[in-house]
Structure formats: structure tokens, C-alpha cells
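Step one of this worksheet: look at the structure below.
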Amino acid sequence: MKVPLTIESLIQEAKQFCEEQTQLNHTELIGITDGKAVGTYVEHKFKEHLNEKYEVVIGNSASGIDLPSPDINTDIKVTSIRQPQSSCPYASSRQKIYGLGYNLLVLVYEKIDASNSCTLRFVNCTFIKKERTADYTTTMRLREMLRDGANIDDLIAYFEDRNIPGDEIT
């Protein structure tokens, strides 16, 4: 009988998964240079890893979040250390200031190809709580401005200067 996945077990499984995957020969990836293809490969393997051990809701492309159950509410992002990318741009000014509304599990790898082998060396595995997913620079500056007595016009001017979208109500 599978036990339900928790945030704590998700974090432990992510660490274990990265350690295990670093030891394997990923022949399917030999010669693959497309970071999106590698990321999708790793995400699928990790979701399979979780599904084998836990009672877990796995999201689909339409839902947008990899682990959408309310108690987990986490998206998985996999990126290369050589060319890190954010595949999770902020959809609105609200997300940029208040956060994405879901947790992130970020796996950073280095891909090492040889003639007949491919190693994925995971250099970082980080869980980011949803409360910490806002844009740091923007929120820091807004807090400074408010502390210094900024008014609504000052804030709107800052948003416009930084090309942060939104109308006056937002």
C-alpha cells in the first residue's frame, strides 16, 4: 500500500533521485543538446519515481503544475548549469510581487557526454516554498519605497519604469 506524498518526503525523494540518477548511464540522451528535451526526460523519470512509491497526483501539461494536489502544489523545473533558463516567467504583476502561488522544485544538472555514455551530474536540488517565489529585486525595492514613505504615484511610476504590466486597479 502506497503512502501519501508529503512535502517532506518530496524533498527527500528529490535528493535521493538526484543521487541515483548521477550514477546512471543515460544512453537515451547521448548527443542530445536540447535542454527542454533533457528537462522533460528528467521530469518524467522523477514523476515515475514518485508514482512507484507514493500515492500522488501527477499533473498534465494542461494543468500546468506537475504535482497539483493542494497539499503538495509544486511545479518541477529542470535546467542545465551551463545554460540555466527559467521556464516559469511571471504571468502577471501580481505573481511578480506576491509569488507564483505554488512551490517550485528546481533540479540543476550538468550533462557530460562521452562516445557511449551520458552522465547527468545533479549539482543542485532546491525546494522553494510558494511564499518565496516572488521577484526578489522588485519586492525588496517596493518594501524600501514604502518604508521611505512612497505614495501610490511613486509605486505606479516604479512599475512603469520596470515595465511591470498592470492597470491602476492591479
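Naming scheme: A, B, ... for chains in displayed order of the C-alpha cells; residues 1 onward per chain; ligands 1 onward as shown.
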Residue set, range 102-137 of chain A restricted to helix (DSSP H, G or I), as a PyMOL selection string: chain A and resi 130-132+136-137
Selection near range 29-37 of chain A, 12 Å with only C-alpha atoms, sequence-local residues under 6 positions removed, as a list of chain:residue names: A:Glu43, A:His44, A:Lys77, A:Val78, A:Thr79, A:Ser80, A:Ile81, A:Arg82, A:Gln83, A:Pro84, A:Gln85, A:Ser86, A:Ser87, A:Val108, A:Tyr109, A:Glu110, A:Lys111, A:Ile112, A:Asp113, A:Ala114, A:Ser115, A:Asn116, A:Ser117, A:Cys118, A:Thr119, A:Leu120
Hey, what does DSSP flag as strand (DSSP E) within range 79-146 of chain A? Can you give it to me as a compact mmCIF listing (two decimals) with N, CA and C atoms, in the first residue's frame?
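File written: part-v3.txt
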# COMPACT_ATOMS: atom_id res chain seq x y z
N THR A 79 16.90 22.33 -15.17
CA THR A 79 17.69 23.20 -16.04
C THR A 79 19.17 22.83 -15.98
N SER A 80 19.88 23.20 -17.02
CA SER A 80 21.31 22.92 -17.12
C SER A 80 22.12 24.00 -16.41
N ASN A 103 4.65 26.02 -5.05
CA ASN A 103 6.06 25.74 -4.73
C ASN A 103 6.81 25.36 -6.01
N LEU A 104 8.12 25.47 -5.93
CA LEU A 104 8.98 25.04 -7.03
C LEU A 104 10.01 24.04 -6.52
N LEU A 105 10.23 23.00 -7.30
CA LEU A 105 11.33 22.08 -7.07
C LEU A 105 12.26 22.23 -8.26
N VAL A 106 13.47 22.76 -8.01
CA VAL A 106 14.39 23.07 -9.09
C VAL A 106 15.57 22.10 -9.05
N LEU A 107 15.76 21.38 -10.16
CA LEU A 107 16.87 20.44 -10.29
C LEU A 107 17.83 20.99 -11.34
N VAL A 108 19.07 21.18 -10.95
CA VAL A 108 20.09 21.72 -11.85
C VAL A 108 21.12 20.63 -12.13
N TYR A 109 21.36 20.38 -13.42
CA TYR A 109 22.25 19.28 -13.80
C TYR A 109 23.38 19.78 -14.71
N GLU A 110 24.42 18.96 -14.76
CA GLU A 110 25.49 19.13 -15.75
C GLU A 110 25.47 17.85 -16.58
N LYS A 111 25.34 17.99 -17.88
CA LYS A 111 25.29 16.84 -18.79
C LYS A 111 26.68 16.60 -19.35
N ILE A 112 27.17 15.37 -19.19
CA ILE A 112 28.51 15.01 -19.65
C ILE A 112 28.38 13.84 -20.61
N ASP A 113 28.65 14.10 -21.90
CA ASP A 113 28.57 13.07 -22.93
C ASP A 113 29.95 12.49 -23.23
N ALA A 114 29.97 11.20 -23.46
CA ALA A 114 31.14 10.51 -24.00
C ALA A 114 30.64 9.70 -25.20
N SER A 117 28.35 6.99 -23.53
CA SER A 117 27.71 7.22 -22.23
C SER A 117 27.28 8.68 -22.08
N CYS A 118 26.34 8.85 -21.19
CA CYS A 118 25.86 10.19 -20.85
C CYS A 118 25.59 10.21 -19.35
N THR A 119 26.24 11.13 -18.67
CA THR A 119 26.04 11.29 -17.24
C THR A 119 25.31 12.59 -16.98
N LEU A 120 24.34 12.53 -16.10
CA LEU A 120 23.68 13.73 -15.61
C LEU A 120 24.13 13.90 -14.17
N ARG A 121 25.00 14.86 -13.97
CA ARG A 121 25.50 15.13 -12.61
C ARG A 121 24.65 16.26 -12.04
N PHE A 122 23.85 15.95 -11.03
CA PHE A 122 22.99 16.97 -10.44
C PHE A 122 23.80 17.79 -9.46
N VAL A 123 23.88 19.08 -9.74
CA VAL A 123 24.71 19.98 -8.93
C VAL A 123 23.89 20.74 -7.90
N ASN A 124 22.55 20.73 -8.07
CA ASN A 124 21.71 21.44 -7.12
C ASN A 124 20.31 20.87 -7.17
N CYS A 125 19.69 20.79 -6.01
CA CYS A 125 18.31 20.33 -5.86
C CYS A 125 17.69 21.22 -4.79
N THR A 126 16.80 22.10 -5.20
CA THR A 126 16.28 23.11 -4.28
C THR A 126 14.76 23.13 -4.27
N PHE A 127 14.18 23.14 -3.08
CA PHE A 127 12.74 23.30 -2.92
C PHE A 127 12.49 24.73 -2.48
N ILE A 128 11.64 25.43 -3.22
CA ILE A 128 11.33 26.83 -2.91
C ILE A 128 9.85 26.93 -2.54
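CA of Ala134 in chain A is found 5.4 Å from CA of Tyr98 in chain A.
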Computed interatomic separation between CA of Ile11 in chain A and CA of Asn25 in chain A (Å):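 Those two atoms sit 23.6 Å apart.
For the atom pair formed by CA of Asp153 in chain A and CA of Ser92 in chain A, the distance is 19.7 Å, given to one decimal.
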Exercise: range 155-168 of chain A partners within 9 Å, only C-alpha atoms, chain neighbours under 3 positions left out, as a PyMOL selection string: chain A and resi 92-94+96+138+142+145-146+150-152
Those same residues, written as a PDB file, in the first residue's frame with N, CA and C atoms?
ATOM      1  N   SER A  92       1.850  37.658 -14.407  1.00  0.00           N
ATOM      2  CA  SER A  92       1.221  38.932 -14.067  1.00  0.00           C
ATOM      3  C   SER A  92       2.077  39.684 -13.061  1.00  0.00           C
ATOM      4  N   SER A  93       1.742  40.946 -12.893  1.00  0.00           N
ATOM      5  CA  SER A  93       2.443  41.737 -11.888  1.00  0.00           C
ATOM      6  C   SER A  93       2.146  41.192 -10.494  1.00  0.00           C
ATOM      7  N   ARG A  94       0.964  40.655 -10.303  1.00  0.00           N
ATOM      8  CA  ARG A  94       0.599  40.073  -9.001  1.00  0.00           C
ATOM      9  C   ARG A  94       1.566  38.936  -8.641  1.00  0.00           C
ATOM     10  N   LYS A  96       4.601  38.521  -9.783  1.00  0.00           N
ATOM     11  CA  LYS A  96       5.947  39.079  -9.617  1.00  0.00           C
ATOM     12  C   LYS A  96       6.127  39.646  -8.205  1.00  0.00           C
ATOM     13  N   THR A 138      12.275  43.197  -7.166  1.00  0.00           N
ATOM     14  CA  THR A 138      11.064  44.022  -7.191  1.00  0.00           C
ATOM     15  C   THR A 138      10.482  44.178  -5.794  1.00  0.00           C
ATOM     16  N   LEU A 142      10.154  47.631  -3.579  1.00  0.00           N
ATOM     17  CA  LEU A 142       8.833  48.119  -3.139  1.00  0.00           C
ATOM     18  C   LEU A 142       8.789  48.301  -1.624  1.00  0.00           C
ATOM     19  N   MET A 145      10.692  51.414  -0.806  1.00  0.00           N
ATOM     20  CA  MET A 145       9.916  52.607  -1.173  1.00  0.00           C
ATOM     21  C   MET A 145       8.822  52.889  -0.140  1.00  0.00           C
ATOM     22  N   LEU A 146       8.113  51.853   0.279  1.00  0.00           N
ATOM     23  CA  LEU A 146       7.048  52.037   1.267  1.00  0.00           C
ATOM     24  C   LEU A 146       7.628  52.490   2.620  1.00  0.00           C
ATOM     25  N   ALA A 150       6.801  56.272   0.217  1.00  0.00           N
ATOM     26  CA  ALA A 150       6.314  56.396  -1.156  1.00  0.00           C
ATOM     27  C   ALA A 150       4.789  56.381  -1.182  1.00  0.00           C
ATOM     28  N   ASN A 151       4.219  57.127  -2.146  1.00  0.00           N
ATOM     29  CA  ASN A 151       2.763  57.117  -2.318  1.00  0.00           C
ATOM     30  C   ASN A 151       2.410  56.292  -3.553  1.00  0.00           C
ATOM     31  N   ILE A 152       1.116  56.223  -3.868  1.00  0.00           N
ATOM     32  CA  ILE A 152       0.642  55.390  -4.974  1.00  0.00           C
ATOM     33  C   ILE A 152       1.251  55.813  -6.311  1.00  0.00           C
TER      34      ILE A 152
END
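Excluding Ile65 in chain A itself and any same-chain residue fewer than 3 positions from it, the protein and nucleic acid residues within 12 Å of it, counting only C-alpha atoms, are Glu43, Val57, Ile58, Gly59, Asn60, Ser61, Ala62, Pro68, Ser69, Pro70, Ile72, Asn73, Thr74, Asp75, Ile76, Lys77, Cys88, Leu100, Gly101, Tyr102, Asn103, Leu104 and Leu105 of chain A.
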Under the rule of at most 12 Å, produce a per-residue listing of range 46-88 of chain A near range 12-15 of chain A: chain, number, name, the closest pair of atoms, and the distance in Å, as a Markdown table, using only C-alpha atoms.
| residue | atom | partner | partner_atom | distance |
| --- | --- | --- | --- | --- |
| A:Phe46 | CA | A:Ala14 | CA | 7.7 |
| A:Lys47 | CA | A:Ala14 | CA | 10.1 |
| A:Glu48 | CA | A:Glu13 | CA | 11.7 |
| A:His49 | CA | A:Glu13 | CA | 8.4 |
| A:Leu50 | CA | A:Glu13 | CA | 7.5 |
| A:Asn51 | CA | A:Glu13 | CA | 11.2 |
| A:Glu52 | CA | A:Glu13 | CA | 11.5 |
| A:Lys53 | CA | A:Glu13 | CA | 9.7 |
| A:Tyr54 | CA | A:Glu13 | CA | 10.4 |
| A:Ile76 | CA | A:Ala14 | CA | 10.2 |
| A:Lys77 | CA | A:Ala14 | CA | 11.9 |
| A:Val78 | CA | A:Ala14 | CA | 11.7 |
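Distance annotation: of A:Met140, A:Ala91, A:Leu24, A:Val56, the residue with the minimal separation from Ile7 in chain A is A:Val56; atom set is only C-alpha atoms.
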